[in-house]
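Everything on this sheet refers to the single structure shown next.
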Amino acid sequence: MSDGWKKRTELVHGGTRRSQYNEVSEAIFLTQGFVYDTAEQAEARFQKAGEDEFIYARYGNPTMAMFEDRISGYLGYEDAFACASGMAAVNGALTALLKSGDHVVAARALFGSCLYILEDILGRFGVEVTLVDGTDNEAWAAAIRPDTRLVFLESISNPTLEVIDLKHVCDLAHANGALVLVDDAMATPVFSYARACGADISIVSTTKHVDGQGRMLGGVICGSKELIRGPIETYIKHTGGAMNPFTAWTHLKALETLELRVRAQAAAAEQIAEALSGHAKLNAVRYPTHAAHPQHELARRQAPAGGTVVTFEVKGGKAACFRFLNALEIVTISNNFADAKSIATHPATTTHQRLPQEQKDTLGISDGLVRFSVGLEDPEDLIADLKQALDKA
Ligand SMILES: *Cc1c(COP(=O)(O)O)cnc(C)c1O
């Protein structure tokens with residue numbers, strides 16, 4: 001973060017670079033390459049590119065650099081590498097840091113594509129992975145060993161909103177010399193506590209709250225200069241996972257309004273959780289920092305708000321749940337989250353359809369479960385819409 005700036009100022013001004021025209025709004029540099037004044041300058045840059053010296057957009061670009069500086073400063077990290085999607089970031093970070101023979105401990109409740117990388121891809125290259133119940137502090141202690149190279153988890157799990165005691169896991173990992181990588185999509189950049197708890201790397205799918213309006217795919221890996229400009233940049237620049245300049249530019253503009261949007265959505269999420277709690281048609285309503293969540297004390301100790309997603313279980317299984325979803329008038333049925341438009345997802349038949357029933361049961365993904373992503377509409381309209389649709393369940 002730039003010296004002495006508060007976080008909201010960082011979101012508006014952090015990382016800004018101006019061209020010779022001194023533009024106010026950040027410029028978008030839609031260029032693949034860069035011109036050298038002389039052959040000697042080209043030779044020197046290929047030997048070692050200094051800060052703000054660019055070679056090729058797959059390696060870096062001024063618009064991407066502005067975005068990387070702004071978001072890493074905001075999240076409290078030294079540096080960042082911007083990627084084409086959240087999964088390009090997860091894959092890039094894991095593959096860059098692991099080798100055959102390494103041991104990884106991860107929370108079981110992971111985003112499906114992350115689980116695929118850990119279990120299928122890394123396994124193929126000789127990485128041993130142990131999955132644990134992330135909410136069980138003892139299970140982490142039993143699984144992390146002196147040869148554990150890396151620990152991977154979602155700070156708040158998707159879709160079940162399980163909360164992990166992150167400080168506990170970071171302390172255990174660091175005592176064993178392991179790195180902690182946090183997939184921080186659900187917590188949101190605004191309420192992220194990964195850095196404060198000691199995580200080495202935060203990976204953010206910027207497709208979610210950073211874009212916030214359902215347009216761009218993006219991801220970012222934040223960490224120390226040593227890790228980011230060392231193994232991570234080296235791996236990603238040669239394998240093609242970099243963000244494109246247009247996405248970086250839309251993200252820069254979106255960061256300016258990030259706090260205003262996410263704080264409003266989180267406040268609405270808490271209000272909706274409260275309004276739905278105890279509803280006769282629902283079995284359980286969950287929002288991490290709401291009193292009805294079994295881990296709300298831990299969630300509140302870690303952050304003032306628990307993101308922008310509320311989950312609930314409609315009584316009567318899939319048929320009743322589908323009647324509810326089909327009766328929604330403002331809320332859209334889709335599978336993404338963190339959009340300005342509120343979205344209801346039925347994980348059991350969409351995002352988590354392929355999981356074996358046994359695994360769905362272990363994770364708590366029931367036929368009545370709805371993941372509700374709270375948008376920027378008036379929360380009173382949303383509550384009225386949810387209630388009229390529940391009447392039809
Ligand atoms: C969405 C998401 C991802 C993947 O991000 P993309 O930008 O869609 O590639 C990874 N992890 C979590 C927790 C997510 O919610």
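Going by the structure tokens order, chains are called A, B, ..., each with residues numbered from 1, while ligands are numbered from 1 in the order shown.
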
- Query: Can you list every residue in region 154-376 of chain A that DSSP puts in alpha helix (DSSP H), as a VMD selection string?
  - Reply: chain A and resid 166 to 175 194 to 197 225 to 227 233 to 239 245 to 256 258 to 276 296 to 302 317 to 327 357 to 363

Residues near region 99-116 of chain A, anyone? I mean within 7 Å using only C-alpha atoms, not counting same-chain ones fewer than 3 positions away, as a PDB file with all heavy atoms, in the first residue's frame.
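As a result, around34.pdb now contains:
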```
ATOM      1  N   GLU A 119      -6.696 -33.428  -7.024  1.00  0.00           N
ATOM      2  CA  GLU A 119      -6.806 -34.887  -7.005  1.00  0.00           C
ATOM      3  C   GLU A 119      -6.358 -35.523  -8.317  1.00  0.00           C
ATOM      4  O   GLU A 119      -5.679 -36.536  -8.307  1.00  0.00           O
ATOM      5  CB  GLU A 119      -8.254 -35.297  -6.701  1.00  0.00           C
ATOM      6  CG  GLU A 119      -8.662 -34.949  -5.283  1.00  0.00           C
ATOM      7  CD  GLU A 119      -9.932 -35.664  -4.872  1.00  0.00           C
ATOM      8  OE1 GLU A 119     -10.975 -35.365  -5.476  1.00  0.00           O
ATOM      9  OE2 GLU A 119      -9.861 -36.507  -3.960  1.00  0.00           O
ATOM     10  N   ASP A 120      -6.765 -34.956  -9.439  1.00  0.00           N
ATOM     11  CA  ASP A 120      -6.463 -35.596 -10.726  1.00  0.00           C
ATOM     12  C   ASP A 120      -5.126 -35.145 -11.300  1.00  0.00           C
ATOM     13  O   ASP A 120      -4.275 -35.961 -11.621  1.00  0.00           O
ATOM     14  CB  ASP A 120      -7.576 -35.307 -11.747  1.00  0.00           C
ATOM     15  CG  ASP A 120      -8.841 -36.074 -11.408  1.00  0.00           C
ATOM     16  OD1 ASP A 120      -9.329 -35.889 -10.285  1.00  0.00           O
ATOM     17  OD2 ASP A 120      -9.329 -36.837 -12.255  1.00  0.00           O
ATOM     18  N   ILE A 121      -4.938 -33.833 -11.439  1.00  0.00           N
ATOM     19  CA  ILE A 121      -3.739 -33.352 -12.140  1.00  0.00           C
ATOM     20  C   ILE A 121      -2.493 -33.530 -11.288  1.00  0.00           C
ATOM     21  O   ILE A 121      -1.524 -34.150 -11.709  1.00  0.00           O
ATOM     22  CB  ILE A 121      -3.903 -31.875 -12.539  1.00  0.00           C
ATOM     23  CG1 ILE A 121      -5.209 -31.714 -13.314  1.00  0.00           C
ATOM     24  CG2 ILE A 121      -2.680 -31.391 -13.316  1.00  0.00           C
ATOM     25  CD1 ILE A 121      -5.217 -30.752 -14.420  1.00  0.00           C
ATOM     26  N   PHE A 125       1.251 -36.134 -11.351  1.00  0.00           N
ATOM     27  CA  PHE A 125       2.654 -35.725 -11.333  1.00  0.00           C
ATOM     28  C   PHE A 125       3.324 -36.037  -9.991  1.00  0.00           C
ATOM     29  O   PHE A 125       4.322 -35.428  -9.631  1.00  0.00           O
ATOM     30  CB  PHE A 125       2.762 -34.239 -11.687  1.00  0.00           C
ATOM     31  CG  PHE A 125       2.358 -33.972 -13.110  1.00  0.00           C
ATOM     32  CD1 PHE A 125       1.063 -33.595 -13.425  1.00  0.00           C
ATOM     33  CD2 PHE A 125       3.269 -34.173 -14.144  1.00  0.00           C
ATOM     34  CE1 PHE A 125       0.683 -33.389 -14.737  1.00  0.00           C
ATOM     35  CE2 PHE A 125       2.885 -33.974 -15.465  1.00  0.00           C
ATOM     36  CZ  PHE A 125       1.598 -33.578 -15.770  1.00  0.00           C
ATOM     37  N   GLY A 126       2.719 -36.980  -9.252  1.00  0.00           N
ATOM     38  CA  GLY A 126       3.401 -37.483  -8.058  1.00  0.00           C
ATOM     39  C   GLY A 126       3.304 -36.594  -6.835  1.00  0.00           C
ATOM     40  O   GLY A 126       4.149 -36.668  -5.948  1.00  0.00           O
ATOM     41  N   VAL A 127       2.290 -35.744  -6.760  1.00  0.00           N
ATOM     42  CA  VAL A 127       2.071 -34.948  -5.544  1.00  0.00           C
ATOM     43  C   VAL A 127       1.042 -35.680  -4.683  1.00  0.00           C
ATOM     44  O   VAL A 127      -0.017 -36.076  -5.177  1.00  0.00           O
ATOM     45  CB  VAL A 127       1.572 -33.529  -5.890  1.00  0.00           C
ATOM     46  CG1 VAL A 127       1.205 -32.750  -4.627  1.00  0.00           C
ATOM     47  CG2 VAL A 127       2.623 -32.779  -6.702  1.00  0.00           C
ATOM     48  N   GLU A 128       1.351 -35.876  -3.415  1.00  0.00           N
ATOM     49  CA  GLU A 128       0.423 -36.573  -2.513  1.00  0.00           C
ATOM     50  C   GLU A 128      -0.486 -35.537  -1.846  1.00  0.00           C
ATOM     51  O   GLU A 128       0.000 -34.545  -1.293  1.00  0.00           O
ATOM     52  CB  GLU A 128       1.231 -37.339  -1.449  1.00  0.00           C
ATOM     53  CG  GLU A 128       0.375 -38.214  -0.563  1.00  0.00           C
ATOM     54  CD  GLU A 128       1.099 -38.681   0.702  1.00  0.00           C
ATOM     55  OE1 GLU A 128       2.347 -38.578   0.757  1.00  0.00           O
ATOM     56  OE2 GLU A 128       0.417 -39.120   1.629  1.00  0.00           O
ATOM     57  N   VAL A 129      -1.802 -35.783  -1.904  1.00  0.00           N
ATOM     58  CA  VAL A 129      -2.758 -34.816  -1.350  1.00  0.00           C
ATOM     59  C   VAL A 129      -3.577 -35.475  -0.238  1.00  0.00           C
ATOM     60  O   VAL A 129      -4.128 -36.558  -0.430  1.00  0.00           O
ATOM     61  CB  VAL A 129      -3.710 -34.292  -2.447  1.00  0.00           C
ATOM     62  CG1 VAL A 129      -4.718 -33.306  -1.863  1.00  0.00           C
ATOM     63  CG2 VAL A 129      -2.922 -33.629  -3.576  1.00  0.00           C
ATOM     64  N   THR A 130      -3.638 -34.838   0.929  1.00  0.00           N
ATOM     65  CA  THR A 130      -4.498 -35.298   2.016  1.00  0.00           C
ATOM     66  C   THR A 130      -5.627 -34.284   2.179  1.00  0.00           C
ATOM     67  O   THR A 130      -5.370 -33.088   2.348  1.00  0.00           O
ATOM     68  CB  THR A 130      -3.714 -35.382   3.352  1.00  0.00           C
ATOM     69  OG1 THR A 130      -2.572 -36.215   3.156  1.00  0.00           O
ATOM     70  CG2 THR A 130      -4.566 -35.939   4.468  1.00  0.00           C
ATOM     71  N   LEU A 131      -6.891 -34.765   2.103  1.00  0.00           N
ATOM     72  CA  LEU A 131      -8.041 -33.868   2.277  1.00  0.00           C
ATOM     73  C   LEU A 131      -8.586 -34.013   3.701  1.00  0.00           C
ATOM     74  O   LEU A 131      -8.724 -35.128   4.203  1.00  0.00           O
ATOM     75  CB  LEU A 131      -9.138 -34.211   1.269  1.00  0.00           C
ATOM     76  CG  LEU A 131      -8.779 -34.022  -0.206  1.00  0.00           C
ATOM     77  CD1 LEU A 131      -9.932 -34.462  -1.096  1.00  0.00           C
ATOM     78  CD2 LEU A 131      -8.418 -32.568  -0.511  1.00  0.00           C
ATOM     79  N   VAL A 132      -8.893 -32.892   4.333  1.00  0.00           N
ATOM     80  CA  VAL A 132      -9.402 -32.929   5.707  1.00  0.00           C
ATOM     81  C   VAL A 132     -10.703 -32.128   5.811  1.00  0.00           C
ATOM     82  O   VAL A 132     -11.006 -31.303   4.947  1.00  0.00           O
ATOM     83  CB  VAL A 132      -8.386 -32.330   6.716  1.00  0.00           C
ATOM     84  CG1 VAL A 132      -7.093 -33.131   6.723  1.00  0.00           C
ATOM     85  CG2 VAL A 132      -8.098 -30.862   6.415  1.00  0.00           C
ATOM     86  N   ASP A 133     -11.449 -32.375   6.886  1.00  0.00           N
ATOM     87  CA  ASP A 133     -12.604 -31.541   7.221  1.00  0.00           C
ATOM     88  C   ASP A 133     -12.031 -30.212   7.734  1.00  0.00           C
ATOM     89  O   ASP A 133     -11.462 -30.152   8.818  1.00  0.00           O
ATOM     90  CB  ASP A 133     -13.440 -32.249   8.305  1.00  0.00           C
ATOM     91  CG  ASP A 133     -14.546 -31.355   8.851  1.00  0.00           C
ATOM     92  OD1 ASP A 133     -14.623 -30.157   8.488  1.00  0.00           O
ATOM     93  OD2 ASP A 133     -15.343 -31.861   9.670  1.00  0.00           O
ATOM     94  N   GLY A 134     -12.199 -29.162   6.930  1.00  0.00           N
ATOM     95  CA  GLY A 134     -11.555 -27.886   7.232  1.00  0.00           C
ATOM     96  C   GLY A 134     -11.991 -27.242   8.530  1.00  0.00           C
ATOM     97  O   GLY A 134     -11.285 -26.395   9.082  1.00  0.00           O
ATOM     98  N   ALA A 143      -2.949 -33.951  10.028  1.00  0.00           N
ATOM     99  CA  ALA A 143      -2.589 -34.155   8.609  1.00  0.00           C
ATOM    100  C   ALA A 143      -1.309 -33.426   8.203  1.00  0.00           C
ATOM    101  O   ALA A 143      -0.592 -33.888   7.311  1.00  0.00           O
ATOM    102  CB  ALA A 143      -3.747 -33.699   7.722  1.00  0.00           C
ATOM    103  N   ILE A 144      -1.021 -32.289   8.822  1.00  0.00           N
ATOM    104  CA  ILE A 144       0.164 -31.508   8.408  1.00  0.00           C
ATOM    105  C   ILE A 144       1.416 -32.152   8.996  1.00  0.00           C
ATOM    106  O   ILE A 144       1.504 -32.376  10.202  1.00  0.00           O
ATOM    107  CB  ILE A 144       0.022 -30.030   8.853  1.00  0.00           C
ATOM    108  CG1 ILE A 144      -1.166 -29.384   8.122  1.00  0.00           C
ATOM    109  CG2 ILE A 144       1.297 -29.249   8.558  1.00  0.00           C
ATOM    110  CD1 ILE A 144      -1.520 -27.984   8.601  1.00  0.00           C
ATOM    111  N   ASP A 147       7.031 -32.937   6.114  1.00  0.00           N
ATOM    112  CA  ASP A 147       7.300 -32.866   4.667  1.00  0.00           C
ATOM    113  C   ASP A 147       6.158 -32.218   3.884  1.00  0.00           C
ATOM    114  O   ASP A 147       6.163 -32.239   2.659  1.00  0.00           O
ATOM    115  CB  ASP A 147       7.603 -34.263   4.108  1.00  0.00           C
ATOM    116  CG  ASP A 147       6.378 -35.172   4.118  1.00  0.00           C
ATOM    117  OD1 ASP A 147       5.493 -34.957   4.980  1.00  0.00           O
ATOM    118  OD2 ASP A 147       6.296 -36.077   3.280  1.00  0.00           O
ATOM    119  N   THR A 148       5.172 -31.637   4.592  1.00  0.00           N
ATOM    120  CA  THR A 148       4.084 -30.932   3.900  1.00  0.00           C
ATOM    121  C   THR A 148       4.646 -29.644   3.304  1.00  0.00           C
ATOM    122  O   THR A 148       5.204 -28.824   4.022  1.00  0.00           O
ATOM    123  CB  THR A 148       2.925 -30.617   4.873  1.00  0.00           C
ATOM    124  OG1 THR A 148       2.467 -31.836   5.448  1.00  0.00           O
ATOM    125  CG2 THR A 148       1.783 -29.923   4.160  1.00  0.00           C
ATOM    126  N   ARG A 149       4.478 -29.501   1.994  1.00  0.00           N
ATOM    127  CA  ARG A 149       5.043 -28.331   1.315  1.00  0.00           C
ATOM    128  C   ARG A 149       4.037 -27.176   1.304  1.00  0.00           C
ATOM    129  O   ARG A 149       4.394 -26.016   1.373  1.00  0.00           O
ATOM    130  CB  ARG A 149       5.415 -28.739  -0.120  1.00  0.00           C
ATOM    131  CG  ARG A 149       5.622 -27.614  -1.115  1.00  0.00           C
ATOM    132  CD  ARG A 149       6.962 -26.927  -0.937  1.00  0.00           C
ATOM    133  NE  ARG A 149       7.144 -25.873  -1.946  1.00  0.00           N
ATOM    134  CZ  ARG A 149       7.693 -24.699  -1.681  1.00  0.00           C
ATOM    135  NH1 ARG A 149       8.130 -24.404  -0.480  1.00  0.00           N
ATOM    136  NH2 ARG A 149       7.839 -23.810  -2.645  1.00  0.00           N
ATOM    137  N   LEU A 150       2.745 -27.543   1.238  1.00  0.00           N
ATOM    138  CA  LEU A 150       1.752 -26.503   0.972  1.00  0.00           C
ATOM    139  C   LEU A 150       0.391 -26.891   1.552  1.00  0.00           C
ATOM    140  O   LEU A 150       0.024 -28.070   1.551  1.00  0.00           O
ATOM    141  CB  LEU A 150       1.715 -26.366  -0.547  1.00  0.00           C
ATOM    142  CG  LEU A 150       0.923 -25.326  -1.279  1.00  0.00           C
ATOM    143  CD1 LEU A 150       1.614 -25.041  -2.616  1.00  0.00           C
ATOM    144  CD2 LEU A 150      -0.467 -25.804  -1.525  1.00  0.00           C
ATOM    145  N   VAL A 151      -0.328 -25.873   2.049  1.00  0.00           N
ATOM    146  CA  VAL A 151      -1.682 -26.069   2.565  1.00  0.00           C
ATOM    147  C   VAL A 151      -2.613 -25.199   1.714  1.00  0.00           C
ATOM    148  O   VAL A 151      -2.288 -24.057   1.396  1.00  0.00           O
ATOM    149  CB  VAL A 151      -1.746 -25.663   4.054  1.00  0.00           C
ATOM    150  CG1 VAL A 151      -3.181 -25.548   4.528  1.00  0.00           C
ATOM    151  CG2 VAL A 151      -0.965 -26.652   4.908  1.00  0.00           C
ATOM    152  N   PHE A 152      -3.739 -25.780   1.313  1.00  0.00           N
ATOM    153  CA  PHE A 152      -4.652 -25.069   0.417  1.00  0.00           C
ATOM    154  C   PHE A 152      -6.071 -25.128   0.969  1.00  0.00           C
ATOM    155  O   PHE A 152      -6.535 -26.196   1.375  1.00  0.00           O
ATOM    156  CB  PHE A 152      -4.604 -25.716  -0.984  1.00  0.00           C
ATOM    157  CG  PHE A 152      -5.432 -25.006  -2.015  1.00  0.00           C
ATOM    158  CD1 PHE A 152      -5.006 -23.800  -2.562  1.00  0.00           C
ATOM    159  CD2 PHE A 152      -6.639 -25.523  -2.436  1.00  0.00           C
ATOM    160  CE1 PHE A 152      -5.770 -23.136  -3.520  1.00  0.00           C
ATOM    161  CE2 PHE A 152      -7.409 -24.870  -3.396  1.00  0.00           C
ATOM    162  CZ  PHE A 152      -6.970 -23.675  -3.933  1.00  0.00           C
ATOM    163  N   LEU A 153      -6.767 -24.010   0.997  1.00  0.00           N
ATOM    164  CA  LEU A 153      -8.126 -23.999   1.533  1.00  0.00           C
ATOM    165  C   LEU A 153      -8.905 -22.794   1.031  1.00  0.00           C
ATOM    166  O   LEU A 153      -8.333 -21.812   0.570  1.00  0.00           O
ATOM    167  CB  LEU A 153      -8.080 -23.975   3.064  1.00  0.00           C
ATOM    168  CG  LEU A 153      -7.303 -22.810   3.705  1.00  0.00           C
ATOM    169  CD1 LEU A 153      -8.203 -21.634   3.996  1.00  0.00           C
ATOM    170  CD2 LEU A 153      -6.638 -23.281   4.978  1.00  0.00           C
ATOM    171  N   GLU A 154     -10.235 -22.922   1.138  1.00  0.00           N
ATOM    172  CA  GLU A 154     -11.103 -21.777   0.902  1.00  0.00           C
ATOM    173  C   GLU A 154     -11.438 -21.183   2.260  1.00  0.00           C
ATOM    174  O   GLU A 154     -11.931 -21.901   3.139  1.00  0.00           O
ATOM    175  CB  GLU A 154     -12.412 -22.233   0.248  1.00  0.00           C
ATOM    176  CG  GLU A 154     -12.363 -22.271  -1.249  1.00  0.00           C
ATOM    177  CD  GLU A 154     -13.695 -22.711  -1.827  1.00  0.00           C
ATOM    178  OE1 GLU A 154     -14.719 -22.072  -1.543  1.00  0.00           O
ATOM    179  OE2 GLU A 154     -13.696 -23.714  -2.555  1.00  0.00           O
ATOM    180  N   SER A 157     -16.218 -21.701   2.571  1.00  0.00           N
ATOM    181  CA  SER A 157     -16.392 -22.662   1.487  1.00  0.00           C
ATOM    182  C   SER A 157     -17.641 -22.392   0.670  1.00  0.00           C
ATOM    183  O   SER A 157     -18.624 -21.817   1.138  1.00  0.00           O
ATOM    184  CB  SER A 157     -16.410 -24.087   2.047  1.00  0.00           C
ATOM    185  OG  SER A 157     -17.624 -24.304   2.736  1.00  0.00           O
ATOM    186  N   ASN A 158     -17.569 -22.820  -0.575  1.00  0.00           N
ATOM    187  CA  ASN A 158     -18.620 -22.647  -1.571  1.00  0.00           C
ATOM    188  C   ASN A 158     -19.136 -24.039  -1.914  1.00  0.00           C
ATOM    189  O   ASN A 158     -18.348 -24.861  -2.337  1.00  0.00           O
ATOM    190  CB  ASN A 158     -17.968 -21.971  -2.794  1.00  0.00           C
ATOM    191  CG  ASN A 158     -18.887 -21.888  -3.977  1.00  0.00           C
ATOM    192  OD1 ASN A 158     -20.087 -22.087  -3.873  1.00  0.00           O
ATOM    193  ND2 ASN A 158     -18.320 -21.592  -5.132  1.00  0.00           N
ATOM    194  N   LEU A 363     -20.555 -33.166   2.310  1.00  0.00           N
ATOM    195  CA  LEU A 363     -20.376 -31.712   2.243  1.00  0.00           C
ATOM    196  C   LEU A 363     -21.640 -30.944   2.635  1.00  0.00           C
ATOM    197  O   LEU A 363     -21.596 -29.741   2.812  1.00  0.00           O
ATOM    198  CB  LEU A 363     -19.942 -31.303   0.831  1.00  0.00           C
ATOM    199  CG  LEU A 363     -18.560 -31.796   0.388  1.00  0.00           C
ATOM    200  CD1 LEU A 363     -18.300 -31.409  -1.066  1.00  0.00           C
ATOM    201  CD2 LEU A 363     -17.455 -31.230   1.270  1.00  0.00           C
TER     202      LEU A 363
END
```

Select from region 221-313 of chain A every residue with an atom at most 10 Å from any atom of region 55-58 of chain A, then for each give the shortest pair of atoms and their distance in Å to one decimal, using only C-alpha atoms, rows by chain and rising number, as CSV.
```
residue,atom,partner,partner_atom,distance
A:Ile236,CA,A:Arg58,CA,8.4
A:Lys237,CA,A:Arg58,CA,5.6
A:His238,CA,A:Arg58,CA,7.8
A:Thr239,CA,A:Arg58,CA,8.8
A:Gly240,CA,A:Arg58,CA,6.3
A:Gly241,CA,A:Arg58,CA,7.7
A:Ala242,CA,A:Arg58,CA,5.7
A:Met243,CA,A:Arg58,CA,8.0
A:Asn244,CA,A:Ala57,CA,7.7
A:Pro245,CA,A:Ala57,CA,8.0
```

Once you count only C-alpha atoms and all ligand atoms, which residues end up within 7 Å of ligand 1, and could you hand them over as an mmCIF file with N, CA, C and O atoms, in the first residue's frame?
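result_25.cif written:
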```cif
data_model
loop_
_atom_site.group_PDB
_atom_site.id
_atom_site.type_symbol
_atom_site.label_atom_id
_atom_site.label_comp_id
_atom_site.auth_asym_id
_atom_site.auth_seq_id
_atom_site.Cartn_x
_atom_site.Cartn_y
_atom_site.Cartn_z
ATOM 1 N N SER A 85 -8.130 -16.107 -15.399
ATOM 2 C CA SER A 85 -9.345 -16.483 -14.668
ATOM 3 C C SER A 85 -8.929 -16.898 -13.262
ATOM 4 O O SER A 85 -7.727 -17.066 -12.984
ATOM 5 N N GLY A 86 -9.911 -17.119 -12.417
ATOM 6 C CA GLY A 86 -9.595 -17.619 -11.075
ATOM 7 C C GLY A 86 -8.876 -18.962 -11.152
ATOM 8 O O GLY A 86 -7.916 -19.207 -10.419
ATOM 9 N N MET A 87 -9.322 -19.817 -12.062
ATOM 10 C CA MET A 87 -8.694 -21.133 -12.160
ATOM 11 C C MET A 87 -7.295 -21.063 -12.754
ATOM 12 O O MET A 87 -6.426 -21.862 -12.391
ATOM 13 N N ALA A 88 -7.034 -20.115 -13.675
ATOM 14 C CA ALA A 88 -5.660 -19.936 -14.164
ATOM 15 C C ALA A 88 -4.760 -19.548 -12.996
ATOM 16 O O ALA A 88 -3.597 -19.975 -12.922
ATOM 17 N N LEU A 110 -13.979 -27.859 -1.238
ATOM 18 C CA LEU A 110 -13.332 -26.960 -2.196
ATOM 19 C C LEU A 110 -14.215 -26.791 -3.422
ATOM 20 O O LEU A 110 -15.020 -27.660 -3.745
ATOM 21 N N PHE A 111 -14.004 -25.693 -4.131
ATOM 22 C CA PHE A 111 -14.580 -25.461 -5.449
ATOM 23 C C PHE A 111 -14.207 -26.654 -6.347
ATOM 24 O O PHE A 111 -13.076 -27.136 -6.304
ATOM 25 N N CYS A 114 -10.982 -26.771 -8.369
ATOM 26 C CA CYS A 114 -9.781 -26.834 -7.514
ATOM 27 C C CYS A 114 -9.546 -28.276 -7.075
ATOM 28 O O CYS A 114 -8.408 -28.763 -7.063
ATOM 29 N N GLU A 154 -10.235 -22.922 1.138
ATOM 30 C CA GLU A 154 -11.103 -21.777 0.902
ATOM 31 C C GLU A 154 -11.438 -21.183 2.260
ATOM 32 O O GLU A 154 -11.931 -21.901 3.139
ATOM 33 N N SER A 157 -16.218 -21.701 2.571
ATOM 34 C CA SER A 157 -16.392 -22.662 1.487
ATOM 35 C C SER A 157 -17.641 -22.392 0.670
ATOM 36 O O SER A 157 -18.624 -21.817 1.138
ATOM 37 N N ASN A 158 -17.569 -22.820 -0.575
ATOM 38 C CA ASN A 158 -18.620 -22.647 -1.571
ATOM 39 C C ASN A 158 -19.136 -24.039 -1.914
ATOM 40 O O ASN A 158 -18.348 -24.861 -2.337
ATOM 41 N N ASP A 183 -7.770 -19.707 -1.140
ATOM 42 C CA ASP A 183 -8.680 -19.360 -2.240
ATOM 43 C C ASP A 183 -9.745 -18.464 -1.601
ATOM 44 O O ASP A 183 -10.597 -18.916 -0.849
ATOM 45 N N ASP A 184 -9.662 -17.154 -1.907
ATOM 46 C CA ASP A 184 -10.357 -16.148 -1.098
ATOM 47 C C ASP A 184 -11.595 -15.574 -1.790
ATOM 48 O O ASP A 184 -11.989 -14.453 -1.499
ATOM 49 N N ALA A 185 -12.224 -16.354 -2.682
ATOM 50 C CA ALA A 185 -13.343 -15.814 -3.469
ATOM 51 C C ALA A 185 -14.543 -15.446 -2.598
ATOM 52 O O ALA A 185 -15.100 -14.356 -2.711
ATOM 53 N N MET A 186 -14.956 -16.366 -1.709
ATOM 54 C CA MET A 186 -16.184 -16.149 -0.949
ATOM 55 C C MET A 186 -16.037 -15.062 0.105
ATOM 56 O O MET A 186 -16.986 -14.334 0.390
ATOM 57 N N SER A 205 -10.531 -15.079 -7.325
ATOM 58 C CA SER A 205 -11.228 -15.089 -8.610
ATOM 59 C C SER A 205 -11.856 -13.705 -8.752
ATOM 60 O O SER A 205 -12.870 -13.406 -8.127
ATOM 61 N N THR A 206 -11.239 -12.862 -9.583
ATOM 62 C CA THR A 206 -11.736 -11.488 -9.729
ATOM 63 C C THR A 206 -12.981 -11.444 -10.610
ATOM 64 O O THR A 206 -13.614 -10.392 -10.745
ATOM 65 N N THR A 207 -13.328 -12.600 -11.186
ATOM 66 C CA THR A 207 -14.613 -12.790 -11.856
ATOM 67 C C THR A 207 -15.753 -12.422 -10.905
ATOM 68 O O THR A 207 -16.820 -11.999 -11.334
ATOM 69 N N LYS A 208 -15.522 -12.611 -9.616
ATOM 70 C CA LYS A 208 -16.567 -12.448 -8.608
ATOM 71 C C LYS A 208 -16.684 -10.968 -8.205
ATOM 72 O O LYS A 208 -17.078 -10.165 -9.012
ATOM 73 N N LEU A 217 -13.939 -12.476 -16.915
ATOM 74 C CA LEU A 217 -13.271 -13.534 -16.158
ATOM 75 C C LEU A 217 -11.877 -13.039 -15.793
ATOM 76 O O LEU A 217 -11.169 -12.511 -16.651
ATOM 77 N N GLY A 218 -11.485 -13.254 -14.556
ATOM 78 C CA GLY A 218 -10.134 -12.875 -14.158
ATOM 79 C C GLY A 218 -9.757 -13.511 -12.844
ATOM 80 O O GLY A 218 -10.608 -14.054 -12.121
ATOM 81 N N GLY A 219 -8.479 -13.478 -12.541
ATOM 82 C CA GLY A 219 -7.987 -14.003 -11.263
ATOM 83 C C GLY A 219 -6.683 -13.327 -10.922
ATOM 84 O O GLY A 219 -6.034 -12.742 -11.789
#
```

- Message: One number please: CA of Trp249 (chain A) to CA of Phe29 (chain A), in Å, one decimal.
- Response: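 Taking CA of Trp249 (chain A) as the start and CA of Phe29 (chain A) as the end point, the length is 8.7 Å.
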
- Task: Please identify which residues in region 24-177 of chain A DSSP calls strand (DSSP E) from the backbone, and express them as a VMD selection string.
- Result: chain A and resid 79 to 83 103 to 107 128 to 132 148 to 154

Quick one: residues within 12 Å of region 40-44 of chain A, only C-alpha atoms, excluding same-chain residues fewer than 5 positions away - as a CSV table (one decimal) with N, CA and C atoms, in the first residue's frame?
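Just written: result-v7.csv:
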```
chain,number,residue,atom,x,y,z
A,33,GLY,N,3.2,-6.0,-27.8
A,33,GLY,CA,4.7,-5.8,-27.7
A,33,GLY,C,5.0,-4.3,-27.4
A,34,PHE,N,6.3,-4.1,-27.3
A,34,PHE,CA,6.9,-2.8,-26.9
A,34,PHE,C,8.1,-2.5,-27.8
A,35,VAL,N,8.3,-1.2,-28.1
A,35,VAL,CA,9.3,-0.8,-29.0
A,35,VAL,C,10.6,-0.4,-28.2
A,49,ALA,N,14.5,-7.2,-17.1
A,49,ALA,CA,13.6,-6.1,-17.3
A,49,ALA,C,13.4,-5.4,-15.9
A,50,GLY,N,13.6,-4.1,-15.8
A,50,GLY,CA,13.3,-3.4,-14.6
A,50,GLY,C,11.9,-3.2,-14.4
A,53,GLU,N,9.4,-1.8,-17.2
A,53,GLU,CA,10.0,-2.1,-18.5
A,53,GLU,C,9.3,-3.4,-19.0
A,54,PHE,N,8.7,-3.3,-20.1
A,54,PHE,CA,7.8,-4.4,-20.6
A,54,PHE,C,8.4,-5.0,-21.9
A,55,ILE,N,8.1,-6.3,-22.1
A,55,ILE,CA,8.6,-7.0,-23.2
A,55,ILE,C,7.5,-7.5,-24.1
A,56,TYR,N,6.5,-8.1,-23.5
A,56,TYR,CA,5.5,-8.8,-24.2
A,56,TYR,C,4.3,-9.0,-23.2
```
